[in-house]
Amino acid sequence: MLHYSCDVCKRPIDTDHDIRHVVKIEVFPAVDDATGIGGGTTEEADHLEEMHDILERIGESDDELPFDDGTRSMRFDLCDSCRQRFVKNPLGGKPGKHLDFSNN
Ligand SMILES: [Zn+2]
């Protein structure tokens, strides 16, 4: 039987009793024409910067790729309580309330 553990709180997830939630994060450079699609480009740039900060935190123990175009595809297993916290604040925006992704 496969054992999963929550990537946030590190607790084991017993899939007989608990629901394992999967968070997939894909980050890639937005290639927008100056003409734009829909015109919300400044907002998107902000989000990309936030994601960059998070990625730096998450990725510090990961292998560094020699070529980095900013593309990331990540997958996390979350227990139910961490899933609830995550969906309320997926980017960990408020100081002191960020998710402990890098907690060892
Ligand atoms: Zn958890």
# chains A, B, ... in the order shown; residues from 1 in each chain; ligands from 1
$ residues_near_ligand --ligand "ligand 1" --cutoff "7 Å" --atoms "only C-alpha atoms and all ligand atoms" --output "VMD selection string"
chain A and resid 6 to 11 78 to 82
$ residues_around --residues "A:Pro29" --least-positions-apart "6" --cutoff "9 Å" --atoms "only C-alpha atoms" --output "short mmCIF file (atom, residue, chain, number, x, y, z; two decimals) with C-alpha atoms, in the first residue's frame"
data_model
loop_
_atom_site.label_atom_id
_atom_site.label_comp_id
_atom_site.auth_asym_id
_atom_site.auth_seq_id
_atom_site.Cartn_x
_atom_site.Cartn_y
_atom_site.Cartn_z
CA LEU A 48 4.09 36.06 -11.59
CA ASP A 69 13.16 29.99 -18.19
CA GLY A 70 10.98 30.23 -15.12
CA THR A 71 8.90 27.22 -15.99
#
$ atom_distance --atom1 "atom CA of A:His21" --atom2 "atom CA of A:His47"
23.3 Å
$ residues_around --residues "stretch 14-18 of chain A" --least-positions-apart "2" --cutoff "9 Å" --atoms "only C-alpha atoms" --output "PyMOL selection string"
chain A and resi 2-5+12+20+79-80
